[in-house]
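Asks: Input file: target-v3.cif. Contents: mmCIF, C-alpha atoms.
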```
data_my_file
loop_
_atom_site.label_atom_id
_atom_site.label_comp_id
_atom_site.auth_asym_id
_atom_site.auth_seq_id
_atom_site.Cartn_x
_atom_site.Cartn_y
_atom_site.Cartn_z
CA MET A 1 -101.92 143.36 176.59
CA SER A 2 -102.94 140.28 178.58
CA LEU A 3 -106.32 138.59 178.68
CA PRO A 4 -108.56 139.28 181.67
CA ASN A 5 -108.83 136.50 184.23
CA GLU A 6 -112.59 136.93 184.23
CA VAL A 7 -115.12 138.40 181.79
CA GLU A 8 -118.87 138.05 181.54
CA VAL A 9 -118.92 137.19 177.81
CA LEU A 10 -116.03 135.88 175.74
CA VAL A 11 -116.43 136.18 171.97
CA VAL A 12 -114.18 133.85 169.96
CA GLY A 13 -113.53 135.18 166.47
CA ALA A 14 -112.85 138.75 165.33
CA GLY A 15 -114.51 138.71 161.93
CA PRO A 16 -117.63 140.80 161.26
CA VAL A 17 -119.83 138.38 163.24
CA GLY A 18 -117.68 138.37 166.38
CA LEU A 19 -117.16 142.13 166.22
CA ALA A 20 -120.89 142.82 165.77
CA THR A 21 -121.62 140.53 168.73
CA ALA A 22 -119.17 142.42 170.95
CA ILE A 23 -120.44 145.84 169.87
CA THR A 24 -124.03 144.90 170.65
CA LEU A 25 -123.16 143.32 174.01
CA SER A 26 -121.24 146.41 175.06
CA GLN A 27 -124.11 148.69 174.12
CA LEU A 28 -126.41 146.49 176.22
CA GLY A 29 -124.16 146.97 179.23
CA ARG A 30 -122.47 143.56 179.25
CA GLN A 31 -118.75 143.06 179.95
CA VAL A 32 -117.16 141.51 176.86
CA ALA A 33 -113.77 140.56 175.41
CA VAL A 34 -112.90 139.30 171.91
CA VAL A 35 -110.15 136.79 171.06
CA ASP A 36 -108.92 135.60 167.68
CA SER A 37 -106.26 133.08 166.73
CA SER A 38 -105.00 135.24 163.85
CA THR A 39 -102.43 138.00 164.20
CA THR A 40 -103.56 140.06 161.21
CA THR A 41 -106.78 141.00 159.45
CA ARG A 42 -107.46 139.25 156.17
CA HIS A 43 -107.45 141.15 152.87
CA ASP A 44 -108.61 138.38 150.52
CA ALA A 45 -111.81 138.60 148.48
CA ARG A 46 -114.76 137.59 150.65
CA ALA A 47 -118.23 139.07 151.23
CA ALA A 48 -119.13 142.21 149.28
CA ILE A 49 -122.80 143.07 149.84
CA VAL A 50 -125.01 144.16 152.76
CA TYR A 51 -128.72 143.53 152.23
CA PRO A 52 -131.71 145.60 153.46
CA ARG A 53 -132.50 143.35 156.45
CA THR A 54 -128.88 143.54 157.62
CA LEU A 55 -128.98 147.33 157.26
CA GLU A 56 -132.05 147.35 159.50
CA VAL A 57 -130.18 145.31 162.11
CA LEU A 58 -127.03 147.45 161.86
CA ASN A 59 -129.18 150.54 162.33
CA THR A 60 -130.14 149.27 165.81
CA ILE A 61 -126.48 149.37 166.90
CA GLY A 62 -125.51 152.64 165.22
CA LEU A 63 -123.50 151.18 162.35
CA VAL A 64 -125.63 151.76 159.28
CA GLU A 65 -124.42 155.31 158.51
CA PRO A 66 -120.71 154.48 157.97
CA ILE A 67 -121.74 151.50 155.82
CA LEU A 68 -123.89 153.75 153.64
CA GLU A 69 -121.16 156.39 153.46
CA GLN A 70 -118.36 154.05 152.44
CA GLY A 71 -120.35 151.69 150.22
CA THR A 72 -122.12 151.93 146.89
CA ARG A 73 -125.89 151.63 146.83
CA CYS A 74 -127.11 148.61 144.91
CA SER A 75 -130.62 148.64 143.46
CA GLY A 76 -130.78 144.97 142.55
CA VAL A 77 -129.45 141.93 140.70
CA LEU A 78 -129.66 141.17 136.99
CA LEU A 79 -129.75 137.56 135.78
CA TYR A 80 -128.50 136.92 132.27
CA GLY A 81 -128.26 133.78 130.19
CA SER A 82 -125.50 135.09 127.97
CA THR A 83 -126.23 138.73 127.08
CA ASN A 84 -129.97 138.08 127.17
CA LYS A 85 -131.59 139.35 130.34
CA LEU A 86 -133.73 136.64 131.94
CA ALA A 87 -134.94 138.13 135.21
CA GLY A 88 -133.92 140.45 137.98
CA VAL A 89 -134.25 141.37 141.63
CA ASP A 90 -135.33 144.98 142.18
CA PHE A 91 -134.97 146.13 145.79
CA SER A 92 -136.82 149.40 145.16
CA ILE A 93 -140.15 147.56 145.26
CA LEU A 94 -139.48 147.00 148.99
CA GLU A 95 -139.76 150.72 149.75
CA LYS A 96 -143.10 150.34 151.55
CA PHE A 97 -141.68 147.55 153.75
CA THR A 98 -138.35 149.01 154.93
CA SER A 99 -136.40 152.22 155.40
CA PHE A 100 -133.54 150.62 153.42
CA PRO A 101 -134.86 149.62 149.98
CA ASN A 102 -131.34 149.17 148.61
CA ALA A 103 -128.42 146.88 149.28
CA VAL A 104 -124.92 148.28 149.78
CA LEU A 105 -121.84 147.06 147.93
CA ILE A 106 -118.80 147.18 150.22
CA SER A 107 -115.95 144.76 150.87
CA GLN A 108 -115.86 142.69 154.05
CA HIS A 109 -112.45 144.16 154.83
CA ASN A 110 -113.96 147.67 154.93
CA ILE A 111 -116.85 146.45 157.08
CA GLU A 112 -114.43 144.96 159.59
CA ASN A 113 -112.55 148.26 159.74
CA ILE A 114 -115.81 150.10 160.50
CA PHE A 115 -116.65 147.60 163.23
CA ARG A 116 -113.16 147.80 164.76
CA ASN A 117 -113.37 151.58 164.92
CA LYS A 118 -116.69 151.23 166.75
CA LEU A 119 -115.10 148.80 169.20
CA LYS A 120 -112.33 151.30 169.94
CA GLN A 121 -114.93 153.97 170.65
CA GLN A 122 -116.55 151.58 173.13
CA SER A 123 -113.14 150.67 174.69
CA ILE A 124 -113.45 146.98 173.84
CA SER A 125 -110.20 145.07 173.33
CA VAL A 126 -109.55 142.48 170.62
CA TYR A 127 -106.88 139.98 171.71
CA THR A 128 -105.10 138.51 168.69
CA ASN A 129 -102.85 135.44 168.39
CA VAL A 130 -104.96 133.78 171.09
CA THR A 131 -106.00 130.19 170.44
CA VAL A 132 -108.70 128.42 172.45
CA THR A 133 -107.77 124.83 173.32
CA ASP A 134 -110.45 123.81 175.82
CA ILE A 135 -113.74 124.90 177.34
CA ARG A 136 -114.74 123.25 180.60
CA SER A 137 -117.34 123.60 183.30
CA ALA A 138 -116.41 125.56 186.41
CA GLN A 139 -118.16 126.08 189.73
CA GLU A 140 -119.64 129.25 188.30
CA GLY A 141 -119.77 129.38 184.52
CA LEU A 142 -116.96 128.21 182.27
CA GLU A 143 -113.18 128.08 182.14
CA VAL A 144 -111.72 128.82 178.71
CA VAL A 145 -108.18 127.49 178.30
CA PHE A 146 -105.76 128.99 175.78
CA ALA A 147 -102.71 127.59 174.00
CA ASP A 148 -100.30 129.40 176.32
CA GLY A 149 -101.92 127.73 179.36
CA SER A 150 -103.76 130.82 180.58
CA VAL A 151 -107.40 130.57 181.65
CA THR A 152 -110.30 133.01 181.52
CA HIS A 153 -113.49 132.52 183.54
CA THR A 154 -116.73 133.48 181.84
CA ARG A 155 -120.48 132.92 181.91
CA TYR A 156 -120.96 132.95 178.16
CA VAL A 157 -118.86 131.94 175.15
CA VAL A 158 -119.92 132.99 171.67
CA GLY A 159 -118.36 130.90 168.91
CA ALA A 160 -117.98 133.22 165.93
CA ASP A 161 -114.81 131.50 164.78
CA GLY A 162 -115.82 130.34 161.31
CA ALA A 163 -116.65 127.14 159.48
CA HIS A 164 -113.93 125.14 161.26
CA SER A 165 -115.04 126.50 164.64
CA THR A 166 -113.00 125.33 167.63
CA VAL A 167 -115.84 126.36 169.94
CA ARG A 168 -118.32 124.18 168.05
CA LYS A 169 -115.98 121.19 168.03
CA LEU A 170 -115.16 121.50 171.74
CA SER A 171 -118.91 121.62 172.42
CA ASN A 172 -119.45 118.41 170.40
CA ILE A 173 -122.11 120.07 168.25
CA SER A 174 -122.55 118.19 164.99
CA PHE A 175 -122.18 120.15 161.73
CA LYS A 176 -123.80 118.43 158.76
CA ASP A 177 -125.40 119.16 155.43
CA PRO A 178 -129.12 119.30 156.31
CA VAL A 179 -130.04 117.62 153.01
CA THR A 180 -127.39 114.91 152.59
CA ASN A 181 -126.57 114.51 156.32
CA VAL A 182 -122.86 114.45 155.43
CA SER A 183 -120.52 115.88 158.07
CA TYR A 184 -118.67 119.03 157.10
CA ASP A 185 -115.54 117.54 158.66
CA ASN A 186 -115.61 114.63 156.19
CA SER A 187 -112.94 115.91 153.81
CA SER A 188 -113.34 112.93 151.48
CA VAL A 189 -116.70 114.27 150.29
CA PRO A 190 -116.24 116.52 147.24
CA PRO A 191 -117.66 120.06 147.25
CA SER A 192 -120.76 120.91 145.21
CA PHE A 193 -118.62 123.27 143.12
CA ARG A 194 -115.53 125.44 143.33
CA MET A 195 -115.10 129.09 142.67
CA VAL A 196 -112.65 131.97 142.37
CA LEU A 197 -113.31 135.36 143.94
CA ALA A 198 -111.19 138.36 142.98
CA ASP A 199 -111.22 142.13 143.42
CA VAL A 200 -109.79 143.61 140.25
CA ARG A 201 -109.50 146.90 138.42
CA ILE A 202 -110.90 146.76 134.90
CA LYS A 203 -109.90 149.33 132.30
CA GLU A 204 -112.48 151.55 130.73
CA PRO A 205 -114.51 151.20 128.65
CA THR A 206 -116.45 148.29 130.10
CA PRO A 207 -119.51 146.92 128.29
CA ALA A 208 -122.10 149.68 128.04
CA SER A 209 -124.89 147.35 129.14
CA LEU A 210 -123.27 146.69 132.53
CA PRO A 211 -124.83 148.97 135.17
CA ARG A 212 -122.76 150.35 138.06
CA ASP A 213 -125.53 149.99 140.63
CA ARG A 214 -126.47 146.33 140.17
CA ILE A 215 -124.92 142.89 140.43
CA CYS A 216 -124.75 141.12 137.07
CA ASN A 217 -124.88 137.32 137.05
CA HIS A 218 -124.15 135.67 133.70
CA MET A 219 -125.57 132.22 134.40
CA ASP A 220 -124.51 130.41 131.23
CA THR A 221 -120.83 130.92 132.02
CA PHE A 222 -121.11 131.36 135.83
CA PHE A 223 -119.55 134.80 135.64
CA VAL A 224 -120.64 137.39 138.20
CA LEU A 225 -119.66 141.06 138.21
CA ILE A 226 -120.11 143.26 141.29
CA PRO A 227 -119.13 146.96 141.18
CA LEU A 228 -117.26 148.00 144.33
CA PRO A 229 -116.48 151.43 145.76
CA SER A 230 -112.89 152.56 145.42
CA ASP A 231 -111.06 154.67 148.00
CA ASP A 232 -108.32 155.99 145.73
CA ASP A 233 -107.95 158.05 142.54
CA SER A 234 -107.36 155.19 140.12
CA PRO A 235 -109.06 155.79 136.75
CA ASP A 236 -109.95 152.10 136.53
CA PRO A 237 -113.08 151.09 138.43
CA LEU A 238 -112.98 148.30 141.01
CA TRP A 239 -115.00 145.13 140.45
CA ARG A 240 -115.52 141.89 142.35
CA ILE A 241 -115.58 138.98 139.91
CA VAL A 242 -116.90 135.52 140.73
CA LEU A 243 -115.96 132.57 138.52
CA GLY A 244 -117.73 129.30 139.25
CA THR A 245 -116.26 125.95 138.21
CA PRO A 246 -117.91 122.50 138.34
CA VAL A 247 -116.29 120.07 140.74
CA ASP A 248 -115.11 117.91 137.82
CA GLY A 249 -113.33 120.88 136.20
CA PRO A 250 -109.60 121.67 136.34
CA GLU A 251 -107.89 122.43 139.64
CA LEU A 252 -108.06 126.10 140.65
CA PRO A 253 -104.92 128.08 141.59
CA ARG A 254 -104.64 128.97 145.28
CA ASN A 255 -104.13 132.70 144.59
CA PRO A 256 -105.30 133.29 141.02
CA SER A 257 -102.96 135.56 139.08
CA LEU A 258 -103.83 138.40 136.71
CA GLU A 259 -103.01 136.15 133.76
CA TYR A 260 -105.33 133.39 134.99
CA LEU A 261 -108.17 135.80 135.75
CA GLN A 262 -107.81 137.57 132.38
CA GLN A 263 -107.90 134.25 130.58
CA GLN A 264 -111.07 133.27 132.43
CA ILE A 265 -112.78 136.60 131.78
CA ASP A 266 -111.91 136.43 128.07
CA LYS A 267 -113.45 132.96 127.98
CA ARG A 268 -116.61 133.82 129.94
CA ASN A 269 -117.36 137.44 128.98
CA PRO A 270 -120.40 137.33 126.65
CA TRP A 271 -120.19 141.00 125.63
CA ASP A 272 -118.52 142.40 122.51
CA THR A 273 -116.36 144.79 124.55
CA ARG A 274 -113.27 143.13 126.00
CA MET A 275 -112.82 143.54 129.75
CA GLU A 276 -109.12 144.08 130.46
CA ILE A 277 -107.76 143.75 134.00
CA SER A 278 -105.21 146.39 134.98
CA GLU A 279 -104.62 145.24 138.57
CA VAL A 280 -105.53 142.43 140.96
CA ILE A 281 -106.21 143.72 144.48
CA ALA A 282 -107.07 140.35 146.06
CA SER A 283 -107.95 136.87 144.87
CA SER A 284 -108.84 133.53 146.44
CA ARG A 285 -110.33 130.14 145.67
CA HIS A 286 -113.10 128.34 147.53
CA ARG A 287 -114.52 124.85 147.86
CA VAL A 288 -118.25 125.13 148.37
CA ARG A 289 -120.18 122.87 150.71
CA SER A 290 -123.19 123.33 152.98
CA ALA A 291 -123.64 122.54 156.68
CA LEU A 292 -125.84 123.54 159.59
CA ALA A 293 -125.05 123.15 163.29
CA GLU A 294 -127.39 120.81 165.13
CA THR A 295 -128.02 123.59 167.67
CA TYR A 296 -126.81 127.16 168.16
CA TYR A 297 -126.92 126.86 171.98
CA HIS A 298 -125.21 124.41 174.29
CA PRO A 299 -125.26 124.67 178.11
CA ILE A 300 -122.27 123.30 180.04
CA GLY A 301 -122.75 123.21 183.80
CA THR A 302 -123.74 126.74 184.73
CA GLY A 303 -122.15 128.21 181.59
CA ASN A 304 -123.55 128.84 178.14
CA ILE A 305 -122.14 128.43 174.64
CA LEU A 306 -123.74 130.06 171.60
CA LEU A 307 -122.81 129.83 167.93
CA ALA A 308 -123.18 132.53 165.28
CA GLY A 309 -122.16 133.06 161.66
CA ASP A 310 -120.13 130.45 159.80
CA ALA A 311 -119.61 128.52 163.04
CA ALA A 312 -123.35 127.78 162.85
CA HIS A 313 -123.98 127.58 159.09
CA VAL A 314 -122.09 127.50 155.81
CA HIS A 315 -123.54 127.38 152.34
CA SER A 316 -123.03 128.39 148.74
CA PRO A 317 -122.00 132.05 148.36
CA VAL A 318 -124.47 132.34 145.47
CA GLY A 319 -126.86 135.04 146.63
CA GLY A 320 -124.33 136.62 149.01
CA GLN A 321 -126.17 135.57 152.16
CA GLY A 322 -123.37 134.37 154.46
CA MET A 323 -122.06 137.52 156.14
CA ASN A 324 -125.55 139.03 156.21
CA LEU A 325 -126.98 136.03 158.01
CA GLY A 326 -124.03 136.03 160.40
CA ILE A 327 -124.37 139.70 161.38
CA CYS A 328 -128.07 139.16 162.11
CA ASP A 329 -127.10 136.10 164.20
CA ALA A 330 -124.60 138.25 166.08
CA VAL A 331 -127.03 140.94 167.17
CA ALA A 332 -129.69 138.36 168.07
CA ALA A 333 -127.18 136.35 170.12
CA ALA A 334 -126.04 139.43 172.02
CA GLN A 335 -129.63 140.44 172.77
CA ALA A 336 -130.42 136.92 173.97
CA ILE A 337 -127.36 136.84 176.25
CA SER A 338 -128.24 140.21 177.77
CA ALA A 339 -131.85 139.15 178.38
CA HIS A 340 -130.68 135.85 179.88
CA ALA A 341 -128.24 137.57 182.23
CA LYS A 342 -130.96 139.95 183.42
CA ALA A 343 -133.39 137.06 184.01
CA VAL A 344 -130.82 135.14 186.06
CA LYS A 345 -130.08 138.24 188.13
CA ILE A 346 -133.76 138.81 188.84
CA HIS A 347 -134.81 135.24 189.57
CA GLY A 348 -131.58 133.67 190.77
CA ASP A 349 -131.00 129.90 190.93
CA CYS A 350 -134.43 128.64 191.91
CA ASN A 351 -133.73 124.92 191.93
CA GLY A 352 -130.13 124.66 193.13
CA SER A 353 -128.93 123.19 189.83
CA GLY A 354 -127.27 126.34 188.59
CA ARG A 355 -129.78 126.50 185.72
CA LEU A 356 -132.93 128.57 185.48
CA ALA A 357 -135.44 127.20 182.98
CA GLU A 358 -137.20 130.53 182.51
CA ALA A 359 -133.90 132.18 181.57
CA ASP A 360 -132.56 129.29 179.50
CA HIS A 361 -135.69 129.50 177.36
CA ILE A 362 -134.34 132.80 176.03
CA LEU A 363 -131.17 131.15 174.71
CA LEU A 364 -133.13 128.15 173.41
CA GLN A 365 -135.39 130.57 171.54
CA TYR A 366 -132.34 132.23 169.98
CA SER A 367 -131.12 128.82 168.84
CA SER A 368 -134.43 127.60 167.42
CA SER A 369 -135.32 130.81 165.58
CA ARG A 370 -131.88 131.39 164.05
CA HIS A 371 -131.50 127.68 163.24
CA ALA A 372 -134.79 127.78 161.30
CA ILE A 373 -133.60 130.82 159.34
CA GLY A 374 -130.23 129.16 158.69
CA ARG A 375 -131.93 126.05 157.34
CA LYS A 376 -134.10 128.19 155.06
CA VAL A 377 -131.10 130.09 153.68
CA VAL A 378 -129.11 126.88 153.11
CA GLY A 379 -132.04 125.50 151.11
CA MET A 380 -132.42 128.70 149.10
CA THR A 381 -128.73 128.88 148.18
CA LYS A 382 -128.67 125.21 147.23
CA GLY A 383 -131.54 125.82 144.82
CA MET A 384 -129.96 128.93 143.32
CA THR A 385 -126.63 127.15 142.88
CA ALA A 386 -128.20 124.10 141.23
CA MET A 387 -129.98 126.39 138.79
CA ILE A 388 -126.78 128.15 137.79
CA LEU A 389 -124.75 124.93 137.48
CA LEU A 390 -127.02 123.40 134.83
CA LYS A 391 -124.81 122.31 131.95
CA ALA A 392 -125.33 123.40 128.35
CA GLY A 393 -128.20 121.62 126.64
CA TRP A 394 -131.95 121.37 126.98
CA ARG A 395 -131.97 121.86 130.77
CA ARG A 396 -130.25 125.22 130.49
CA MET A 397 -132.55 126.21 127.63
CA VAL A 398 -135.61 125.33 129.73
CA ARG A 399 -134.19 127.25 132.71
CA ASN A 400 -133.62 130.36 130.62
CA LEU A 401 -137.07 130.15 129.05
CA LEU A 402 -138.82 129.72 132.40
CA LEU A 403 -136.89 132.57 134.00
CA ARG A 404 -137.73 134.86 131.09
CA ILE A 405 -141.43 134.04 131.47
CA ILE A 406 -141.82 134.13 135.24
CA GLY A 407 -139.27 136.90 135.68
CA SER A 408 -141.81 139.41 134.38
CA LEU A 409 -144.51 138.40 136.88
CA PRO A 410 -145.05 140.87 139.77
CA ILE A 411 -145.42 138.06 142.32
CA PHE A 412 -142.05 136.60 141.26
CA LYS A 413 -140.34 139.99 141.48
CA THR A 414 -141.72 140.68 144.94
CA THR A 415 -140.97 137.18 146.24
CA MET A 416 -137.37 137.24 145.01
CA ALA A 417 -136.73 140.73 146.41
CA TRP A 418 -138.24 139.70 149.77
CA ARG A 419 -136.12 136.55 150.02
CA VAL A 420 -132.80 137.87 148.74
CA SER A 421 -133.04 141.08 150.79
CA GLY A 422 -133.38 139.07 153.99
CA LEU A 423 -136.62 140.82 154.95
CA GLY A 424 -138.30 137.43 154.90
CA ASN A 425 -136.03 136.45 157.82
CA ARG A 426 -137.36 139.02 160.26
CA ASP A 427 -138.11 137.45 163.63
#
```
Will you turn the file into structure tokens for me?
Replies:
Amino acid sequence: MSLPNEVEVLVVGAGPVGLATAITLSQLGRQVAVVDSSTTTRHDARAAIVYPRTLEVLNTIGLVEPILEQGTRCSGVLLYGSTNKLAGVDFSILEKFTSFPNAVLISQHNIENIFRNKLKQQSISVYTNVTVTDIRSAQEGLEVVFADGSVTHTRYVVGADGAHSTVRKLSNISFKDPVTNVSYDNSSVPPSFRMVLADVRIKEPTPASLPRDRICNHMDTFFVLIPLPSDDDSPDPLWRIVLGTPVDGPELPRNPSLEYLQQQIDKRNPWDTRMEISEVIASSRHRVRSALAETYYHPIGTGNILLAGDAAHVHSPVGGQGMNLGICDAVAAAQAISAHAKAVKIHGDCNGSGRLAEADHILLQYSSSRHAIGRKVVGMTKGMTAMILLKAGWRRMVRNLLLRIIGSLPIFKTTMAWRVSGLGNRD
């Protein structure tokens, strides 16, 4: 299957953000193609939760039902010191604000499968093993050049190709930590912390105090447990575990083994009941840094480049905001492109420059509104991460005491649910 010589919108990246962008564009009547440099889908441990705001957005493109069917409903998050509950996030208090007052626990791999099935229904092709090497201005729109020398002409390019985005780099869009102003491409700068993610089966019985409908974050040992749905008949339930490690700690293995993970759980588990791993489904390590693109929109000649997802923002995975923010970017970007294309068709090129200010304002508005939300989420995740990383001693004791006190206040509960759920990011 060869790439088309011409397409209205080219989406670069076939993760959940790129796929959601393509699905939305197709439903809006735009001609779209998706390319990805990889040849296979990834199965490592990545995102695992879809929040209420993202469910609202997915509902607009007909994708919320399969997510609800295949996932496990999550009523909130519990924050522990050790085994002492400090505070929590209860999504049920959002019932009067949204039709989706629960999050859904589901692996990113399963989400991508749902999105790919939707693409097939809409007859949209995903071209794999296709690497973008250049994007240049053409007489009308853009020319996208690929590693094999082929060229596709397009009006719009959406960079949904991850933290090391080729589209962003070719567009010369800076990507820096909005607090420290350090470039993400500066590899000499150490991460804020490192972490291991793993999907594992844990033998029964698990600690009786661990609920199956909530995320449990043990802050004193940076040990997070997320119950995941399982699609087979194994008697051992499936869990996502998150193990945070300070940057000055020991080096993490690239693909953590069962022995390593068991050792870490034995060391971090605060409960009396031992948690014994029977199988490792997937595991990975991550270096955590934050960055925000200077802009999410860049015009080149008469063409337009937009960024979405990790190509536009990366941050701590604490709080599970990354994929959620990216999917919301994706739908907003597609809507902006469709509105822009309609405006250009109606008004035409009024000044002979190939640009129409009234139409370009639509893409600029996408950039400014999503950039503001990205900045807010980066700040929130930085704060949450700093709170968890406090070392043993008086600071941790003060943190736990304050959380226990304010965690019972109705205003705190509502504020946390509003922020974590993403409902506070509605346009």
Asks: May I have the residues at most 10 Å from (-121.9, 144.2, 143.4) in the file's coordinates, counting all atoms listed in the file, as a count of residues only?
Replies: 31
Asks: What do you get, as a PyMOL selection string, if you spell out every residue that the PyMOL selection byres ((chain A and resi 138) around 9) selects here?
Replies: chain A and resi 136-137+139-143+153+300-303
Asks: Find the spatial neighbours of stretch 58-64 of chain A, counting all atoms listed in the file, within a cut-off of 12 Å - ignore same-chain residues fewer than 3 positions away - and output them as JSON, numbers by chain.
Replies: {"A": [16, 17, 19, 20, 21, 22, 23, 24, 25, 26, 27, 28, 50, 51, 52, 53, 54, 55, 67, 68, 69, 70, 71, 98, 99, 100, 103, 104, 111, 112, 113, 114, 115, 116, 117, 118, 119, 121, 122, 324, 326, 327, 328, 329, 330, 331, 332, 334, 335]}
Asks: Using only C-alpha atoms, find each residue of stretch 172-230 of chain A with at least one atom at most 6 Å away from an atom of stretch 234-238 of chain A; report its shortest atom-to-atom pair and that distance in Å (one decimal), sort the rows by chain and rising residue number, and return the result as a tab-separated table.
Replies:
```
residue	atom	partner	partner_atom	distance
A:Val200	CA	A:Leu238	CA	5.7
A:Arg201	CA	A:Leu238	CA	4.6
A:Ile202	CA	A:Asp236	CA	5.7
A:Lys203	CA	A:Asp236	CA	5.1
A:Leu228	CA	A:Leu238	CA	5.4
```
Asks: What do you get, as number ranges by chain, if you spell out every residue that the PyMOL selection byres ((chain A and resi 159) around 9) selects here?
Replies: A: 10-13, 18, 157-158, 160-162, 165-168, 305-309, 311-312
Asks: Given the file above and the PyMOL selection byres ((chain A and resi 264-272) around 12), which residues are selected, and can you give them as a ChimeraX atom specification?
Replies: /A:80-85,195-198,200,202,205-210,216-225,241-245,252,256-263,273-277
Asks: Deliver the residues from the most recent selection as a file, using C-alpha atoms, as an mmCIF file, keeping the file's coordinate frame.
Replies:
```cif
data_model
loop_
_atom_site.group_PDB
_atom_site.id
_atom_site.type_symbol
_atom_site.label_atom_id
_atom_site.label_comp_id
_atom_site.auth_asym_id
_atom_site.auth_seq_id
_atom_site.Cartn_x
_atom_site.Cartn_y
_atom_site.Cartn_z
ATOM 1 C CA TYR A 80 -128.500 136.920 132.270
ATOM 2 C CA GLY A 81 -128.260 133.780 130.190
ATOM 3 C CA SER A 82 -125.500 135.090 127.970
ATOM 4 C CA THR A 83 -126.230 138.730 127.080
ATOM 5 C CA ASN A 84 -129.970 138.080 127.170
ATOM 6 C CA LYS A 85 -131.590 139.350 130.340
ATOM 7 C CA MET A 195 -115.100 129.090 142.670
ATOM 8 C CA VAL A 196 -112.650 131.970 142.370
ATOM 9 C CA LEU A 197 -113.310 135.360 143.940
ATOM 10 C CA ALA A 198 -111.190 138.360 142.980
ATOM 11 C CA VAL A 200 -109.790 143.610 140.250
ATOM 12 C CA ILE A 202 -110.900 146.760 134.900
ATOM 13 C CA PRO A 205 -114.510 151.200 128.650
ATOM 14 C CA THR A 206 -116.450 148.290 130.100
ATOM 15 C CA PRO A 207 -119.510 146.920 128.290
ATOM 16 C CA ALA A 208 -122.100 149.680 128.040
ATOM 17 C CA SER A 209 -124.890 147.350 129.140
ATOM 18 C CA LEU A 210 -123.270 146.690 132.530
ATOM 19 C CA CYS A 216 -124.750 141.120 137.070
ATOM 20 C CA ASN A 217 -124.880 137.320 137.050
ATOM 21 C CA HIS A 218 -124.150 135.670 133.700
ATOM 22 C CA MET A 219 -125.570 132.220 134.400
ATOM 23 C CA ASP A 220 -124.510 130.410 131.230
ATOM 24 C CA THR A 221 -120.830 130.920 132.020
ATOM 25 C CA PHE A 222 -121.110 131.360 135.830
ATOM 26 C CA PHE A 223 -119.550 134.800 135.640
ATOM 27 C CA VAL A 224 -120.640 137.390 138.200
ATOM 28 C CA LEU A 225 -119.660 141.060 138.210
ATOM 29 C CA ILE A 241 -115.580 138.980 139.910
ATOM 30 C CA VAL A 242 -116.900 135.520 140.730
ATOM 31 C CA LEU A 243 -115.960 132.570 138.520
ATOM 32 C CA GLY A 244 -117.730 129.300 139.250
ATOM 33 C CA THR A 245 -116.260 125.950 138.210
ATOM 34 C CA LEU A 252 -108.060 126.100 140.650
ATOM 35 C CA PRO A 256 -105.300 133.290 141.020
ATOM 36 C CA SER A 257 -102.960 135.560 139.080
ATOM 37 C CA LEU A 258 -103.830 138.400 136.710
ATOM 38 C CA GLU A 259 -103.010 136.150 133.760
ATOM 39 C CA TYR A 260 -105.330 133.390 134.990
ATOM 40 C CA LEU A 261 -108.170 135.800 135.750
ATOM 41 C CA GLN A 262 -107.810 137.570 132.380
ATOM 42 C CA GLN A 263 -107.900 134.250 130.580
ATOM 43 C CA THR A 273 -116.360 144.790 124.550
ATOM 44 C CA ARG A 274 -113.270 143.130 126.000
ATOM 45 C CA MET A 275 -112.820 143.540 129.750
ATOM 46 C CA GLU A 276 -109.120 144.080 130.460
ATOM 47 C CA ILE A 277 -107.760 143.750 134.000
#
```
Asks: Distance atom CA of A:Gly29-atom CA of A:Lys345, one decimal place?
Replies: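 For atom CA of A:Gly29 relative to atom CA of A:Lys345, the distance reads 13.8 Å.
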Asks: Residues within 9 Å of (-124.1, 126.9, 158.4), file coordinates, counting only C-alpha atoms: what are they? Give the list as an MDAnalysis selection string.
Replies: chainID A and resid 163 175:177 290:293 308:315 322 371 374:375 378
Asks: Could the residues in this selection be written to a file with C-alpha atoms, as a compact mmCIF listing (two decimals), in the frame of the given file?
Replies:
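Contents of part31.txt, as written:
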```
# COMPACT_ATOMS: atom_id res chain seq x y z
CA ALA A 163 -116.65 127.14 159.48
CA PHE A 175 -122.18 120.15 161.73
CA LYS A 176 -123.80 118.43 158.76
CA ASP A 177 -125.40 119.16 155.43
CA SER A 290 -123.19 123.33 152.98
CA ALA A 291 -123.64 122.54 156.68
CA LEU A 292 -125.84 123.54 159.59
CA ALA A 293 -125.05 123.15 163.29
CA ALA A 308 -123.18 132.53 165.28
CA GLY A 309 -122.16 133.06 161.66
CA ASP A 310 -120.13 130.45 159.80
CA ALA A 311 -119.61 128.52 163.04
CA ALA A 312 -123.35 127.78 162.85
CA HIS A 313 -123.98 127.58 159.09
CA VAL A 314 -122.09 127.50 155.81
CA HIS A 315 -123.54 127.38 152.34
CA GLY A 322 -123.37 134.37 154.46
CA HIS A 371 -131.50 127.68 163.24
CA GLY A 374 -130.23 129.16 158.69
CA ARG A 375 -131.93 126.05 157.34
CA VAL A 378 -129.11 126.88 153.11
```
Asks: As an exercise, work out the distance from atom CA of A:Val189 to atom CA of A:Arg287 in Å and give it to one decimal place.
Replies: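 Atom CA of A:Arg287 lies at a distance of 11.1 Å from atom CA of A:Val189.
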Asks: Pick out the closest residue to A:Arg426 from this set: A:Val398, A:Val57, A:Ile388, A:Val344. Count only C-alpha atoms.
Replies: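 Closest candidate: A:Val57.
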Asks: Taking into account all atoms listed in the file, which residue in the set A:Val130, A:Ala87, A:Ile337, A:Ile173 is nearest to A:Leu403?
Replies: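 The shortest atom-to-atom distance to A:Leu403 comes from A:Ala87.
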